[in-house]
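**Student:** Could you have a look at this structure, given as structure tokens, before my questions?
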Amino acid sequence: MKNYWDCFNFMPELPEVETIRRDLAKKILDKKIKDIFVLDKRTLTPVRHRSDIRQMSNGARRFKKILIGKSFVGIERRGKLLIFKLNTNKFLLVHLKMTGQLIYEKKGNSKKQSEIIVGGHEDKNFKQVDKYARVVFEFEDSSKLYFNDLRIFGYLKIINEKELEKVKEGFGVEPLSPAMSPAKSMAMFKNKKTTIKAFLLNQKNIAGIGNIYTDEICFACGILPTRKVNTLNKKEIELILKNTKKILKLAIEKRGTTFNNYRDSNGNKGNFVSFLKVYGRQGQKCQKCGGEIKKIKVAGRGTHYCPVCQS
DNA sequence: AAGATTGTTGCTTA
DNA sequence: TTAAGCAACAATCT
């Protein structure tokens, strides 16, 4: 890898995860799992449980035993979490966190990079199939599903139906569902003393928005990320609702393309995504007013905004 | 060589 | 009691 930050040209938030979900559903459903390779067993244990030696040591054996010979019959998404339904009474949770990727490789394509499908993104520059592969599923037709994850923040976890209900309850409203109505939003925003940035990042409020889309939503609304939620009026809350739906829908339409400031050794730009107005554009001109986009830290996260257009 | 990158959570503080 | 804030985790680059 030429540049560490190349890994971050794909930071999965709702639109990216949804794109993967839709594409994988067309490719892997009802295929019998022939074998599983666990290359790093930390991936099978969420970070907070990795000090549990028993979980860590039993993880791979149990994981294989439950999955081999079975097949996936459906893929759901809740926020940024993927839920693979097995043809048994169990479910496989997949969280990509920051650097996780799900890569489906058709039979016999291992050396033809141009044919490798990256979570639904055709990525001719993809080179890291092996180095950061943590878990590999092999299906009966010899196609493979790679879970790659440079930083090993992501995880794969098997749970039952009861545990699934609990997991789902932990999430707030799905932003693209009818449940995200103006009435519901007003109640949700009411009396919150935190910043709009922290509010939008909190998955218990709205599920699936990450750091990039938070900044983009705030810009689209002309609202500073530092604004306290309880200072927003009805009109502003409705605007946040409208722009959240609009931006996420557009991003899904663009197959979840998010952020890419990569330049290769020849100085060529990667894909620049025109709808990013503020994220990663600090020091550049605001496309609306020509002023300079600033970057500060809000809620512990890098936060981009236009001081003129947002207040 | 410390600081920064982000999603989530569990602990601390208010 | 509840909400808000923050450290910690992971790998790697500047």
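Going through the structure tokens in order, the chains are called A, B, and so on, while each chain numbers its residues from 1 and the ligands are numbered from 1 in the order shown.
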Near B:DG7, counting only C-alpha atoms (C1' of nucleotides), which residues have an atom at most 12 Å away, once you skip same-chain residues fewer than 6 positions from it, shown as a PyMOL selection string?
**Tutor:** (chain A and resi 11-13+47+79-81+95-100+153-155+201-203+208-211+300-301) or (chain C and resi 9-10)
**Student:** Find the residues in chain B near chain A: any atom within 10 Å counts, using only C-alpha atoms (C1' of nucleotides). Write them as a VMD selection string.
**Tutor:** chain B and resid 4 to 10
**Student:** Output the selection as a compact mmCIF listing (two decimals), in the first residue's frame - N, CA, C and O atoms (P, O5', C5', C4', C3', O3' and C1' of nucleotides) for each residue.
**Tutor:**
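File out04.txt, as written:
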# COMPACT_ATOMS: atom_id res chain seq x y z
P DA B 4 -3.91 15.65 17.92
O5' DA B 4 -4.47 15.03 16.56
C5' DA B 4 -3.79 15.26 15.33
C4' DA B 4 -4.25 14.22 14.35
C3' DA B 4 -5.73 13.82 14.53
O3' DA B 4 -6.46 14.12 13.35
C1' DA B 4 -4.31 11.90 14.37
P DT B 5 -8.08 14.10 13.43
O5' DT B 5 -8.46 12.79 12.62
C5' DT B 5 -7.90 12.53 11.34
C4' DT B 5 -8.10 11.10 10.98
C3' DT B 5 -9.38 10.49 11.56
O3' DT B 5 -10.45 10.73 10.68
C1' DT B 5 -7.51 8.97 11.69
P DT B 6 -11.86 11.13 11.30
O5' DT B 6 -12.50 9.69 11.56
C5' DT B 6 -12.73 8.81 10.49
C4' DT B 6 -13.39 7.56 11.02
C3' DT B 6 -14.69 7.81 11.78
O3' DT B 6 -15.61 6.79 11.43
C1' DT B 6 -13.14 6.68 13.17
P DG B 7 -17.15 6.95 11.67
O5' DG B 7 -17.42 5.70 12.60
C5' DG B 7 -17.27 4.40 12.06
C4' DG B 7 -17.74 3.37 13.06
C3' DG B 7 -19.04 3.69 13.76
O3' DG B 7 -19.74 2.47 13.92
C1' DG B 7 -17.28 3.62 15.36
P DT B 8 -21.14 2.35 14.66
O5' DT B 8 -20.77 1.99 16.15
C5' DT B 8 -20.12 0.74 16.39
C4' DT B 8 -19.67 0.68 17.82
C3' DT B 8 -20.77 0.94 18.86
O3' DT B 8 -21.01 -0.29 19.50
C1' DT B 8 -18.69 1.97 19.44
P DT B 9 -22.17 -0.45 20.61
O5' DT B 9 -21.33 -0.40 21.96
C5' DT B 9 -20.15 -1.18 22.09
C4' DT B 9 -19.45 -0.80 23.39
C3' DT B 9 -20.39 -0.54 24.57
O3' DT B 9 -19.74 -0.98 25.74
C1' DT B 9 -19.05 1.31 24.26
P DG B 10 -20.44 -2.03 26.74
O5' DG B 10 -19.51 -1.94 28.01
C5' DG B 10 -18.09 -1.82 27.87
C4' DG B 10 -17.56 -0.75 28.81
C3' DG B 10 -18.32 -0.62 30.13
O3' DG B 10 -17.38 -0.31 31.14
C1' DG B 10 -18.30 1.44 29.06
**Student:** When you get a sec, could you note down which chain A residues fall within 7 Å of chain C, using only C-alpha atoms (C1' of nucleotides), as number ranges by chain?
**Tutor:** A: 4, 47, 150-153, 194
**Student:** Quick one: pick out all alpha helix (DSSP H) residues within stretch 170-249 of chain A from a backbone DSSP run and write them as an MDAnalysis selection string.
**Tutor:** chainID A and resid 182:189 196:201 211:221 234:249
**Student:** Let me see the file: selected residues, N, CA and C atoms, as a compact mmCIF listing (two decimals), in the first residue's frame.
**Tutor:**
# COMPACT_ATOMS: atom_id res chain seq x y z
N PRO A 182 -41.59 13.71 10.63
CA PRO A 182 -41.39 14.98 11.33
C PRO A 182 -41.83 14.91 12.79
N ALA A 183 -42.96 14.25 13.04
CA ALA A 183 -43.46 14.16 14.41
C ALA A 183 -42.47 13.43 15.30
N LYS A 184 -42.00 12.31 14.80
CA LYS A 184 -41.04 11.50 15.55
C LYS A 184 -39.76 12.30 15.80
N SER A 185 -39.35 13.05 14.79
CA SER A 185 -38.11 13.82 14.90
C SER A 185 -38.22 14.90 15.97
N MET A 186 -39.36 15.57 15.98
CA MET A 186 -39.53 16.64 16.96
C MET A 186 -39.35 16.08 18.37
N ALA A 187 -39.95 14.93 18.61
CA ALA A 187 -39.84 14.30 19.93
C ALA A 187 -38.41 13.91 20.22
N MET A 188 -37.73 13.40 19.20
CA MET A 188 -36.38 12.91 19.35
C MET A 188 -35.40 14.06 19.66
N PHE A 189 -35.60 15.20 19.02
CA PHE A 189 -34.68 16.32 19.16
C PHE A 189 -34.94 17.13 20.45
N ILE A 196 -25.41 19.15 17.71
CA ILE A 196 -26.05 18.43 16.61
C ILE A 196 -25.09 17.39 16.03
N LYS A 197 -23.79 17.71 16.08
CA LYS A 197 -22.79 16.74 15.60
C LYS A 197 -22.86 15.44 16.40
N ALA A 198 -22.78 15.54 17.72
CA ALA A 198 -22.83 14.36 18.57
C ALA A 198 -24.18 13.65 18.44
N PHE A 199 -25.22 14.44 18.30
CA PHE A 199 -26.57 13.87 18.19
C PHE A 199 -26.70 13.00 16.94
N LEU A 200 -26.21 13.52 15.82
CA LEU A 200 -26.33 12.76 14.56
C LEU A 200 -25.41 11.54 14.54
N LEU A 201 -24.30 11.62 15.26
CA LEU A 201 -23.37 10.48 15.31
C LEU A 201 -23.88 9.37 16.22
N ASN A 211 -19.30 10.02 10.44
CA ASN A 211 -18.65 11.32 10.50
C ASN A 211 -18.77 12.12 9.20
N ILE A 212 -18.68 11.44 8.09
CA ILE A 212 -18.75 12.14 6.81
C ILE A 212 -20.13 12.74 6.57
N TYR A 213 -21.15 11.91 6.66
CA TYR A 213 -22.50 12.39 6.36
C TYR A 213 -23.01 13.38 7.39
N THR A 214 -22.54 13.26 8.63
CA THR A 214 -22.92 14.25 9.64
C THR A 214 -22.51 15.66 9.18
N ASP A 215 -21.25 15.78 8.76
CA ASP A 215 -20.78 17.10 8.32
C ASP A 215 -21.53 17.57 7.08
N GLU A 216 -21.80 16.65 6.17
CA GLU A 216 -22.50 17.01 4.94
C GLU A 216 -23.94 17.45 5.22
N ILE A 217 -24.59 16.77 6.16
CA ILE A 217 -25.97 17.13 6.51
C ILE A 217 -26.00 18.52 7.15
N CYS A 218 -25.07 18.77 8.05
CA CYS A 218 -25.03 20.09 8.70
C CYS A 218 -24.80 21.21 7.68
N PHE A 219 -23.91 20.96 6.74
CA PHE A 219 -23.67 21.99 5.71
C PHE A 219 -24.92 22.23 4.88
N ALA A 220 -25.54 21.14 4.45
CA ALA A 220 -26.74 21.26 3.61
C ALA A 220 -27.83 22.05 4.32
N CYS A 221 -27.84 21.99 5.64
CA CYS A 221 -28.87 22.68 6.42
C CYS A 221 -28.46 24.10 6.81
N LYS A 234 -38.26 24.55 14.88
CA LYS A 234 -39.01 23.52 14.15
C LYS A 234 -38.57 23.43 12.69
N LYS A 235 -38.38 24.60 12.10
CA LYS A 235 -38.00 24.64 10.70
C LYS A 235 -36.64 23.99 10.47
N GLU A 236 -35.72 24.26 11.39
CA GLU A 236 -34.38 23.69 11.25
C GLU A 236 -34.40 22.17 11.43
N ILE A 237 -35.20 21.70 12.35
CA ILE A 237 -35.31 20.25 12.57
C ILE A 237 -35.88 19.57 11.33
N GLU A 238 -36.89 20.20 10.74
CA GLU A 238 -37.48 19.64 9.52
C GLU A 238 -36.46 19.63 8.38
N LEU A 239 -35.62 20.67 8.38
CA LEU A 239 -34.57 20.75 7.36
C LEU A 239 -33.55 19.62 7.53
N ILE A 240 -33.19 19.34 8.75
CA ILE A 240 -32.25 18.25 9.03
C ILE A 240 -32.84 16.92 8.57
N LEU A 241 -34.10 16.74 8.85
CA LEU A 241 -34.81 15.52 8.44
C LEU A 241 -34.77 15.37 6.92
N LYS A 242 -35.12 16.45 6.24
CA LYS A 242 -35.19 16.43 4.78
C LYS A 242 -33.82 16.17 4.15
N ASN A 243 -32.82 16.87 4.64
CA ASN A 243 -31.48 16.73 4.05
C ASN A 243 -30.83 15.39 4.39
N THR A 244 -31.12 14.85 5.56
CA THR A 244 -30.60 13.53 5.92
C THR A 244 -31.09 12.50 4.92
N LYS A 245 -32.38 12.49 4.67
CA LYS A 245 -32.95 11.54 3.72
C LYS A 245 -32.39 11.76 2.32
N LYS A 246 -32.32 13.04 1.93
CA LYS A 246 -31.88 13.39 0.58
C LYS A 246 -30.44 12.95 0.34
N ILE A 247 -29.56 13.26 1.29
CA ILE A 247 -28.14 12.96 1.12
C ILE A 247 -27.88 11.45 1.15
N LEU A 248 -28.54 10.76 2.08
CA LEU A 248 -28.33 9.31 2.17
C LEU A 248 -28.86 8.61 0.92
N LYS A 249 -30.00 9.07 0.43
CA LYS A 249 -30.57 8.47 -0.79
C LYS A 249 -29.64 8.67 -1.98
**Student:** Which neighbours of A:Leu156 fall inside 12 Å, counting only C-alpha atoms (C1' of nucleotides), when residues of the same chain fewer than 5 positions from it are skipped, and could you give them as a ChimeraX atom specification?
**Tutor:** /A:38,40-47,59-60,63-64,67,81-84,91-97,100-102,134-137,146-149
**Student:** Write the residues of the selection above to a file with N, CA and C atoms, as a short mmCIF file (atom, residue, chain, number, x, y, z; two decimals), in the first residue's frame.
**Tutor:**
data_model
loop_
_atom_site.label_atom_id
_atom_site.label_comp_id
_atom_site.auth_asym_id
_atom_site.auth_seq_id
_atom_site.Cartn_x
_atom_site.Cartn_y
_atom_site.Cartn_z
N VAL A 38 -10.26 -18.92 9.12
CA VAL A 38 -10.14 -17.84 10.09
C VAL A 38 -8.66 -17.47 10.20
N ASP A 40 -7.47 -14.48 11.40
CA ASP A 40 -7.20 -13.73 12.63
C ASP A 40 -8.43 -13.85 13.52
N LYS A 41 -8.29 -14.59 14.60
CA LYS A 41 -9.50 -14.89 15.38
C LYS A 41 -9.99 -13.71 16.20
N ARG A 42 -9.21 -12.65 16.29
CA ARG A 42 -9.71 -11.46 16.98
C ARG A 42 -10.97 -10.94 16.30
N THR A 43 -11.04 -11.18 14.98
CA THR A 43 -12.20 -10.73 14.21
C THR A 43 -13.50 -11.36 14.71
N LEU A 44 -13.41 -12.51 15.33
CA LEU A 44 -14.61 -13.21 15.79
C LEU A 44 -15.07 -12.75 17.17
N THR A 45 -14.33 -11.84 17.77
CA THR A 45 -14.68 -11.32 19.09
C THR A 45 -14.67 -9.80 19.07
N PRO A 46 -15.81 -9.14 19.36
CA PRO A 46 -15.81 -7.68 19.42
C PRO A 46 -14.74 -7.18 20.39
N VAL A 47 -14.19 -6.02 20.10
CA VAL A 47 -13.02 -5.49 20.82
C VAL A 47 -13.14 -5.60 22.33
N GLY A 59 -13.38 -19.43 19.85
CA GLY A 59 -14.08 -18.70 18.80
C GLY A 59 -14.08 -19.36 17.44
N ALA A 60 -12.90 -19.68 16.93
CA ALA A 60 -12.79 -20.16 15.56
C ALA A 60 -13.46 -21.52 15.36
N PHE A 63 -17.24 -21.09 15.55
CA PHE A 63 -17.67 -20.34 14.37
C PHE A 63 -17.82 -21.26 13.16
N LYS A 64 -16.80 -22.07 12.95
CA LYS A 64 -16.82 -22.98 11.80
C LYS A 64 -17.91 -24.03 11.95
N LEU A 67 -21.32 -22.69 11.07
CA LEU A 67 -21.56 -22.17 9.72
C LEU A 67 -21.32 -23.16 8.57
N LEU A 81 -24.81 -1.97 10.64
CA LEU A 81 -24.62 -3.39 10.96
C LEU A 81 -25.31 -4.29 9.94
N LEU A 82 -24.59 -5.27 9.42
CA LEU A 82 -25.19 -6.25 8.51
C LEU A 82 -25.60 -7.49 9.29
N ILE A 83 -26.75 -8.02 8.95
CA ILE A 83 -27.29 -9.20 9.64
C ILE A 83 -27.56 -10.28 8.60
N PHE A 84 -26.73 -11.31 8.59
CA PHE A 84 -26.91 -12.43 7.65
C PHE A 84 -27.77 -13.50 8.32
N PHE A 91 -28.04 -16.22 13.34
CA PHE A 91 -27.73 -15.05 12.51
C PHE A 91 -26.25 -14.71 12.63
N LEU A 92 -25.68 -14.20 11.56
CA LEU A 92 -24.29 -13.74 11.59
C LEU A 92 -24.28 -12.22 11.50
N LEU A 93 -23.76 -11.58 12.54
CA LEU A 93 -23.62 -10.13 12.51
C LEU A 93 -22.27 -9.77 11.90
N VAL A 94 -22.25 -8.79 11.01
CA VAL A 94 -20.99 -8.31 10.44
C VAL A 94 -20.93 -6.80 10.59
N HIS A 95 -19.95 -6.34 11.37
CA HIS A 95 -19.74 -4.90 11.48
C HIS A 95 -18.38 -4.55 10.87
N LEU A 96 -18.40 -3.62 9.92
CA LEU A 96 -17.17 -3.27 9.20
C LEU A 96 -16.35 -2.22 9.95
N LYS A 97 -16.98 -1.56 10.92
CA LYS A 97 -16.33 -0.45 11.62
C LYS A 97 -15.65 0.44 10.59
N GLY A 100 -13.23 -2.34 7.58
CA GLY A 100 -13.72 -3.66 7.15
C GLY A 100 -14.24 -3.62 5.72
N GLN A 101 -14.02 -4.71 5.01
CA GLN A 101 -14.54 -4.82 3.64
C GLN A 101 -15.09 -6.23 3.46
N LEU A 102 -16.15 -6.35 2.69
CA LEU A 102 -16.64 -7.67 2.30
C LEU A 102 -16.43 -7.78 0.80
N ARG A 134 -9.10 -11.46 6.98
CA ARG A 134 -9.16 -12.00 8.35
C ARG A 134 -9.99 -13.27 8.40
N VAL A 135 -11.08 -13.29 7.66
CA VAL A 135 -11.92 -14.48 7.59
C VAL A 135 -12.35 -14.65 6.13
N VAL A 136 -12.29 -15.89 5.64
CA VAL A 136 -12.69 -16.16 4.26
C VAL A 136 -13.73 -17.28 4.24
N PHE A 137 -14.85 -17.03 3.58
CA PHE A 137 -15.87 -18.06 3.39
C PHE A 137 -15.69 -18.63 1.99
N TYR A 146 -14.54 -12.65 1.18
CA TYR A 146 -13.45 -12.24 2.07
C TYR A 146 -13.94 -11.16 3.03
N PHE A 147 -13.63 -11.34 4.30
CA PHE A 147 -13.78 -10.24 5.25
C PHE A 147 -12.38 -9.70 5.49
N ASN A 148 -12.09 -8.54 4.92
CA ASN A 148 -10.79 -7.91 5.09
C ASN A 148 -10.91 -6.76 6.08
N ASP A 149 -9.91 -6.55 6.89
CA ASP A 149 -10.00 -5.49 7.89
C ASP A 149 -8.62 -5.12 8.40
#
